[in-house]
file query.pdb (PDB, C-alpha atoms)
ATOM      1  CA  MET A   1       6.051  19.512  -3.446
ATOM      2  CA  GLU A   2       6.038  16.262  -5.343
ATOM      3  CA  PHE A   3       3.646  13.929  -7.128
ATOM      4  CA  GLY A   4       2.692  10.547  -5.754
ATOM      5  CA  ILE A   5       0.168   7.787  -6.384
ATOM      6  CA  VAL A   6      -1.675   6.400  -3.381
ATOM      7  CA  ILE A   7      -1.041   2.654  -3.283
ATOM      8  CA  GLY A   8      -2.501   1.778   0.110
ATOM      9  CA  THR A   9      -3.131   2.681   3.727
ATOM     10  CA  ILE A  10      -1.444   2.088   7.074
ATOM     11  CA  VAL A  11      -3.393   1.234  10.214
ATOM     12  CA  ALA A  12      -1.735   2.558  13.382
ATOM     13  CA  THR A  13      -3.611   3.001  16.655
ATOM     14  CA  ILE A  14      -0.613   3.940  18.782
ATOM     15  CA  LYS A  15       0.739   7.170  17.341
ATOM     16  CA  ASP A  16       1.764  10.681  18.212
ATOM     17  CA  PRO A  17      -1.319  12.479  19.658
ATOM     18  CA  SER A  18      -1.081  15.221  17.034
ATOM     19  CA  LEU A  19      -1.922  12.626  14.356
ATOM     20  CA  LEU A  20      -5.198  11.442  15.858
ATOM     21  CA  GLY A  21      -7.903  11.543  13.197
ATOM     22  CA  CYS A  22      -5.417  11.675  10.335
ATOM     23  CA  LEU A  23      -5.135   8.979   7.713
ATOM     24  CA  LEU A  24      -1.726   7.446   7.038
ATOM     25  CA  LEU A  25      -1.339   6.631   3.361
ATOM     26  CA  LEU A  26       1.257   4.580   1.567
ATOM     27  CA  ILE A  27       2.288   6.354  -1.607
ATOM     28  CA  GLN A  28       4.700   5.761  -4.440
ATOM     29  CA  PRO A  29       6.411   9.021  -5.447
ATOM     30  CA  ILE A  30       6.279   9.602  -9.228
ATOM     31  CA  THR A  31       7.698  12.011 -11.767
ATOM     32  CA  GLU A  32       5.568  14.521 -13.689
ATOM     33  CA  LYS A  33       5.327  11.826 -16.358
ATOM     34  CA  ALA A  34       3.961   9.317 -13.836
ATOM     35  CA  GLU A  35       7.110   7.194 -13.732
ATOM     36  CA  LYS A  36       8.248   5.530 -10.501
ATOM     37  CA  LYS A  37      10.614   7.698  -8.482
ATOM     38  CA  GLY A  38      12.303   6.196  -5.432
ATOM     39  CA  ASP A  39      10.678   3.918  -2.897
ATOM     40  CA  PRO A  40       7.186   3.923  -1.378
ATOM     41  CA  MET A  41       6.740   6.139   1.660
ATOM     42  CA  VAL A  42       4.189   7.047   4.309
ATOM     43  CA  VAL A  43       2.346  10.371   4.109
ATOM     44  CA  VAL A  44      -0.339  11.941   6.253
ATOM     45  CA  ASP A  45      -3.709  12.807   4.721
ATOM     46  CA  PRO A  46      -5.205  15.360   7.138
ATOM     47  CA  ASP A  47      -8.524  15.633   5.259
ATOM     48  CA  ARG A  48      -8.901  11.878   4.654
ATOM     49  CA  ASN A  49      -9.902  12.607   1.057
ATOM     50  CA  ALA A  50      -7.383  10.594  -0.939
ATOM     51  CA  GLY A  51      -7.889   6.945  -1.803
ATOM     52  CA  THR A  52      -5.958   4.156  -3.490
ATOM     53  CA  GLY A  53      -5.167   5.029  -7.114
ATOM     54  CA  ASP A  54      -5.418   8.795  -6.648
ATOM     55  CA  VAL A  55      -2.590  10.984  -7.897
ATOM     56  CA  VAL A  56      -1.736  13.495  -5.186
ATOM     57  CA  VAL A  57       0.570  16.424  -4.571
ATOM     58  CA  PHE A  58       2.364  16.140  -1.249
ATOM     59  CA  VAL A  59       4.669  18.404   0.733
ATOM     60  CA  HIS A  60       7.891  16.596   1.548
ATOM     61  CA  SER A  61       9.540  18.681   4.246
ATOM     62  CA  PRO A  62       8.941  19.652   7.882
ATOM     63  CA  ASP A  63       6.449  22.199   6.511
ATOM     64  CA  ALA A  64       4.078  19.249   6.001
ATOM     65  CA  SER A  65       2.929  19.991   9.528
ATOM     66  CA  MET A  66       1.166  23.099   8.206
ATOM     67  CA  ALA A  67      -1.273  20.884   6.293
ATOM     68  CA  LEU A  68      -2.807  19.780   9.570
ATOM     69  CA  PRO A  69      -5.812  21.697  10.889
ATOM     70  CA  GLY A  70      -5.194  24.152  13.691
ATOM     71  CA  ASP A  71      -2.014  25.853  14.733
ATOM     72  CA  ILE A  72       0.018  22.860  15.870
ATOM     73  CA  TRP A  73       3.376  21.395  14.982
ATOM     74  CA  ALA A  74       3.295  17.682  14.363
ATOM     75  CA  PRO A  75       6.228  15.299  13.831
ATOM     76  CA  ILE A  76       5.548  14.632  10.163
ATOM     77  CA  ASP A  77       7.656  15.240   7.073
ATOM     78  CA  ALA A  78       5.129  14.424   4.359
ATOM     79  CA  ALA A  79       1.473  15.376   3.929
ATOM     80  CA  VAL A  80      -1.058  15.355   1.094
ATOM     81  CA  THR A  81      -2.075  18.855   0.054
ATOM     82  CA  ALA A  82      -3.933  18.280  -3.223
ATOM     83  CA  ILE A  83      -5.563  15.579  -5.295
ATOM     84  CA  VAL A  84      -4.692  15.876  -8.984
ATOM     85  CA  ASP A  85      -7.404  16.079 -11.663
ATOM     86  CA  HIS A  86      -4.946  16.279 -14.503
ATOM     87  CA  VAL A  87      -1.455  17.511 -15.325
ATOM     88  CA  ASP A  88      -0.728  19.469 -18.498
ATOM     89  CA  LEU A  89       2.775  19.703 -19.899
ATOM     90  CA  GLY A  90       2.364  21.835 -23.009
ATOM     91  CA  LYS A  91       0.258  19.841 -25.443
ATOM     92  CA  ASN A  92       0.736  16.613 -23.566
ATOM     93  CA  GLN A  93      -1.706  15.754 -20.872
ATOM     94  CA  THR A  94       0.417  13.321 -18.932
ATOM     95  CA  ILE A  95      -1.641  12.401 -15.891
ATOM     96  CA  LYS A  96      -5.400  12.199 -15.550
ATOM     97  CA  ALA A  97      -7.510  11.237 -12.561
ATOM     98  CA  GLY A  98      -8.975   7.753 -12.590
ATOM     99  CA  GLU A  99      -6.230   6.041 -14.583
ATOM    100  CA  ARG A 100      -6.245   2.738 -12.723
ATOM    101  CA  TRP A 101      -3.724   1.203 -15.102
ATOM    102  CA  ARG A 102      -1.061   3.560 -13.800
ATOM    103  CA  LEU A 103      -1.544   2.117 -10.332
ATOM    104  CA  ALA A 104      -1.314  -1.429 -11.701
ATOM    105  CA  LYS A 105       1.836  -0.504 -13.639
ATOM    106  CA  LEU A 106       3.504   0.894 -10.510
ATOM    107  CA  LEU A 107       2.428  -2.007  -8.300
ATOM    108  CA  ALA A 108       3.988  -4.406 -10.828
ATOM    109  CA  GLN A 109       7.352  -2.711 -10.184
ATOM    110  CA  LEU A 110       7.141  -3.079  -6.402
ATOM    111  CA  PRO A 111       8.300  -6.061  -4.323
ATOM    112  CA  LEU A 112       4.863  -7.111  -3.061
ATOM    113  CA  PRO A 113       4.450 -10.395  -1.153
TER     114      PRO A 113
ATOM    115  CA  MET B   1       8.009   9.078   6.566
ATOM    116  CA  LEU B   2       9.395   5.567   6.285
ATOM    117  CA  LEU B   3       8.321   2.074   7.266
ATOM    118  CA  VAL B   4      11.010   0.455   9.402
ATOM    119  CA  GLN B   5      11.362  -2.578  11.638
ATOM    120  CA  ILE B   6      13.016  -2.390  15.059
ATOM    121  CA  VAL B   7      16.070  -4.619  15.066
ATOM    122  CA  GLY B   8      17.894  -3.540  18.222
ATOM    123  CA  THR B   9      18.551  -1.003  20.936
ATOM    124  CA  VAL B  10      21.423   1.349  21.680
ATOM    125  CA  VAL B  11      22.921   1.589  25.165
ATOM    126  CA  SER B  12      24.849   4.785  25.762
ATOM    127  CA  THR B  13      25.959   6.162  29.117
ATOM    128  CA  LEU B  14      27.942   9.156  27.951
ATOM    129  CA  LYS B  15      25.603  11.285  25.874
ATOM    130  CA  ASP B  16      24.144  14.733  25.503
ATOM    131  CA  PRO B  17      22.240  15.475  28.752
ATOM    132  CA  LYS B  18      19.195  16.413  26.684
ATOM    133  CA  LEU B  19      18.984  12.791  25.543
ATOM    134  CA  ASP B  20      18.656  11.490  29.112
ATOM    135  CA  GLY B  21      15.556   9.338  29.433
ATOM    136  CA  LEU B  22      15.091   8.845  25.708
ATOM    137  CA  LYS B  23      15.224   5.357  24.235
ATOM    138  CA  LEU B  24      17.457   4.952  21.185
ATOM    139  CA  LEU B  25      16.517   2.152  18.817
ATOM    140  CA  ILE B  26      18.142   0.664  15.746
ATOM    141  CA  SER B  27      15.736   0.123  12.887
ATOM    142  CA  LYS B  28      16.038  -1.044   9.317
ATOM    143  CA  GLU B  29      13.897   0.041   6.392
ATOM    144  CA  ILE B  30      11.595  -2.673   5.085
ATOM    145  CA  GLU B  31      10.267  -3.403   1.621
ATOM    146  CA  LEU B  32       6.580  -4.048   1.063
ATOM    147  CA  ASN B  33       7.198  -7.806   1.030
ATOM    148  CA  GLY B  34       8.503  -7.541   4.593
ATOM    149  CA  LYS B  35      12.176  -8.016   3.694
ATOM    150  CA  LEU B  36      14.703  -5.905   5.583
ATOM    151  CA  THR B  37      16.944  -3.651   3.514
ATOM    152  CA  ASP B  38      20.516  -2.618   4.392
ATOM    153  CA  ARG B  39      19.454   0.924   5.237
ATOM    154  CA  TYR B  40      19.394   1.442   9.011
ATOM    155  CA  HIS B  41      18.450   4.349  11.252
ATOM    156  CA  VAL B  42      19.122   5.160  14.896
ATOM    157  CA  ALA B  43      15.870   6.696  16.111
ATOM    158  CA  VAL B  44      14.356   8.044  19.308
ATOM    159  CA  ASP B  45      11.284   6.138  20.488
ATOM    160  CA  THR B  46       8.442   8.544  21.285
ATOM    161  CA  VAL B  47       5.514   6.107  21.429
ATOM    162  CA  GLY B  48       6.855   3.016  23.241
ATOM    163  CA  VAL B  49       7.745   0.222  20.824
ATOM    164  CA  GLY B  50       9.319  -3.189  21.149
ATOM    165  CA  GLN B  51      11.784  -5.414  19.337
ATOM    166  CA  GLY B  52      10.564  -6.613  15.940
ATOM    167  CA  GLU B  53       7.736  -4.114  15.605
ATOM    168  CA  VAL B  54       7.084  -2.311  12.332
ATOM    169  CA  VAL B  55       6.840   1.429  12.896
ATOM    170  CA  VAL B  56       6.634   4.770  11.111
ATOM    171  CA  LEU B  57       9.827   6.802  11.281
ATOM    172  CA  VAL B  58      10.158  10.515  10.613
ATOM    173  CA  ARG B  59      13.436  12.194   9.637
ATOM    174  CA  GLY B  60      14.760  15.720   9.732
ATOM    175  CA  SER B  61      13.702  18.625  11.902
ATOM    176  CA  SER B  62      10.160  17.165  12.058
ATOM    177  CA  ALA B  63      11.546  14.593  14.467
ATOM    178  CA  ARG B  64      11.916  17.354  17.050
ATOM    179  CA  LEU B  65       8.202  18.163  16.978
ATOM    180  CA  THR B  66       7.060  15.501  19.449
ATOM    181  CA  GLU B  67       6.608  16.176  23.137
ATOM    182  CA  ALA B  68       9.506  13.862  24.025
ATOM    183  CA  THR B  69      11.989  15.354  21.537
ATOM    184  CA  ASP B  70      11.090  19.058  21.733
ATOM    185  CA  LYS B  71      14.260  21.228  21.535
ATOM    186  CA  LYS B  72      16.513  18.169  21.718
ATOM    187  CA  PRO B  73      19.367  17.153  19.407
ATOM    188  CA  VAL B  74      17.331  14.583  17.496
ATOM    189  CA  ASP B  75      16.736  14.116  13.765
ATOM    190  CA  THR B  76      15.056  10.704  13.603
ATOM    191  CA  ALA B  77      12.019   9.682  15.643
ATOM    192  CA  ILE B  78       9.480   6.870  15.768
ATOM    193  CA  ILE B  79       5.978   8.317  15.758
ATOM    194  CA  ALA B  80       3.551   5.425  15.160
ATOM    195  CA  VAL B  81       3.255   1.656  15.565
ATOM    196  CA  VAL B  82       1.975  -0.091  12.427
ATOM    197  CA  GLU B  83      -0.773  -2.684  12.862
ATOM    198  CA  GLU B  84      -1.753  -3.318   9.294
ATOM    199  CA  ILE B  85      -0.489  -2.412   5.823
ATOM    200  CA  GLU B  86      -2.989  -2.515   2.998
ATOM    201  CA  VAL B  87      -2.045  -2.130  -0.660
ATOM    202  CA  ASP B  88      -4.698  -1.760  -3.351
ATOM    203  CA  GLY B  89      -7.415  -3.176  -1.092
ATOM    204  CA  LYS B  90      -5.427  -6.224   0.053
ATOM    205  CA  VAL B  91      -3.881  -6.571   3.507
ATOM    206  CA  ILE B  92      -0.227  -7.388   2.815
ATOM    207  CA  TRP B  93       1.061  -7.244   6.386
ATOM    208  CA  LYS B  94      -0.575  -7.609   9.772
ATOM    209  CA  LYS B  95       0.897  -7.331  13.266
ATOM    210  CA  THR B  96       0.869 -10.717  14.997
TER     211      THR B  96
END
call {"tool": "encode", "arguments": {"input": "query.pdb", "output": "structure tokens"}}
result
Amino acid sequence: MEFGIVIGTIVATIKDPSLLGCLLLLIQPITEKAEKKGDPMVVVDPDRNAGTGDVVVFVHSPDASMALPGDIWAPIDAAVTAIVDHVDLGKNQTIKAGERWRLAKLLAQLPLP
Amino acid sequence: MLLVQIVGTVVSTLKDPKLDGLKLLISKEIELNGKLTDRYHVAVDTVGVGQGEVVVLVRGSSARLTEATDKKPVDTAIIAVVEEIEVDGKVIWKKT
């Protein structure tokens, strides 16, 4: 599992039937120190709980399908499984919920229109 | 999953029989500003998409988990058509 910050949402009406009712989020993967890691990607939020600016833990493998309710296999390779309150690394608390400036810092590094 | 734009189609007569009836598309990853990158993917269309559309692409064994690609030799599939991309409350891309 990896950390990511939710940067936005994707609207898609036509999609695989197994994804009906799920939210598609745009997230920027980050390191445990909240630094940008790779490019933004799309993840599924089965519970529709995460919002822009939230730090989340997401499964990045075919096992992401297990995050969906019920006993179905869905064609997804990334799904949100937890929303982070804070991350402790020894004495250093590196990530806390509600740090909007982290989102702004990441967005500044992205090629937005 | 990745955001990609459909840039072309693949025509192939001689192929694995399990791929019969599946549409193979060429797509390129896009950046959030809409620019195409150099990274391309050949993907199976499972939802019915057209040239120029922005779609969500799934890679790996997950691509086999759609009805159209079940138990087929496929590792990249298109699973959703994007209508709108919103970043930090602002709509940055909309299907025209």
call {"tool": "closest_residue", "arguments": {"input": "query.pdb", "among": "B:Ile85, B:Glu29, B:Asp45, B:Arg59", "to": "Val10 in chain B", "atoms": "all atoms listed in the file"}}
result
B:Asp45
call {"tool": "resolve_selection", "arguments": {"input": "query.pdb", "expression": "the PyMOL selection byres ((chain B and resi 44) around 7)", "output": "PDB file with C-alpha atoms, keeping the file's coordinate frame"}}
result
ATOM      1  CA  LEU B  22      15.091   8.845  25.708  1.00  0.00           C
ATOM      2  CA  LYS B  23      15.224   5.357  24.235  1.00  0.00           C
ATOM      3  CA  LEU B  24      17.457   4.952  21.185  1.00  0.00           C
ATOM      4  CA  LEU B  25      16.517   2.152  18.817  1.00  0.00           C
ATOM      5  CA  ALA B  43      15.870   6.696  16.111  1.00  0.00           C
ATOM      6  CA  ASP B  45      11.284   6.138  20.488  1.00  0.00           C
ATOM      7  CA  THR B  46       8.442   8.544  21.285  1.00  0.00           C
ATOM      8  CA  THR B  76      15.056  10.704  13.603  1.00  0.00           C
ATOM      9  CA  ALA B  77      12.019   9.682  15.643  1.00  0.00           C
ATOM     10  CA  ILE B  78       9.480   6.870  15.768  1.00  0.00           C
TER      11      ILE B  78
END
call {"tool": "atom_distance", "arguments": {"input": "query.pdb", "atom1": "CA of Ile95 in chain A", "atom2": "CA of Val57 in chain A"}}
result
12.2 Å
call {"tool": "resolve_selection", "arguments": {"input": "query.pdb", "expression": "the PyMOL selection byres ((chain A and resi 108-113) around 6)", "output": "list of chain:residue names"}}
result
A:Lys105, A:Leu106, A:Leu107, B:Leu32, B:Asn33
call {"tool": "closest_residue", "arguments": {"input": "query.pdb", "among": "A:Gly51, A:Pro17, A:Gly8, A:Pro46", "to": "chain B", "atoms": "all atoms listed in the file"}}
result
A:Gly8
call {"tool": "residues_around", "arguments": {"input": "query.pdb", "residues": "Ile10 in chain A", "least_positions_apart": "2", "cutoff": "9 Å", "atoms": "all atoms listed in the file", "output": "JSON list (two decimals) with C-alpha atoms, in the coordinates of the input"}}
result
[["chain", "number", "residue", "atom", "x", "y", "z"],
["A", 8, "GLY", "CA", -2.50, 1.78, 0.11],
["A", 12, "ALA", "CA", -1.74, 2.56, 13.38],
["A", 23, "LEU", "CA", -5.14, 8.98, 7.71],
["A", 24, "LEU", "CA", -1.73, 7.45, 7.04],
["A", 25, "LEU", "CA", -1.34, 6.63, 3.36],
["A", 26, "LEU", "CA", 1.26, 4.58, 1.57],
["A", 42, "VAL", "CA", 4.19, 7.05, 4.31],
["B", 82, "VAL", "CA", 1.98, -0.09, 12.43],
["B", 83, "GLU", "CA", -0.77, -2.68, 12.86],
["B", 84, "GLU", "CA", -1.75, -3.32, 9.29],
["B", 85, "ILE", "CA", -0.49, -2.41, 5.82],
["B", 86, "GLU", "CA", -2.99, -2.52, 3.00],
["B", 87, "VAL", "CA", -2.04, -2.13, -0.66]]
call {"tool": "atom_distance", "arguments": {"input": "query.pdb", "atom1": "CA of Lys91 in chain A", "atom2": "CA of Glu2 in chain A"}}
result
21.2 Å
call {"tool": "closest_residue", "arguments": {"input": "query.pdb", "among": "A:Asp85, A:Asp45, A:Glu99, A:Asp77", "to": "Ile79 in chain B", "atoms": "only C-alpha atoms"}}
result
A:Asp77
call {"tool": "closest_residue", "arguments": {"input": "query.pdb", "among": "A:Met1, A:Val55, A:Ala74, A:Ala79", "to": "chain B", "atoms": "all atoms listed in the file"}}
result
A:Ala74
call {"tool": "resolve_selection", "arguments": {"input": "query.pdb", "expression": "the PyMOL selection byres ((chain A and resi 69) around 12)", "output": "ChimeraX atom specification"}}
result
/A:18-22,45-47,64-68,70-74,79,81
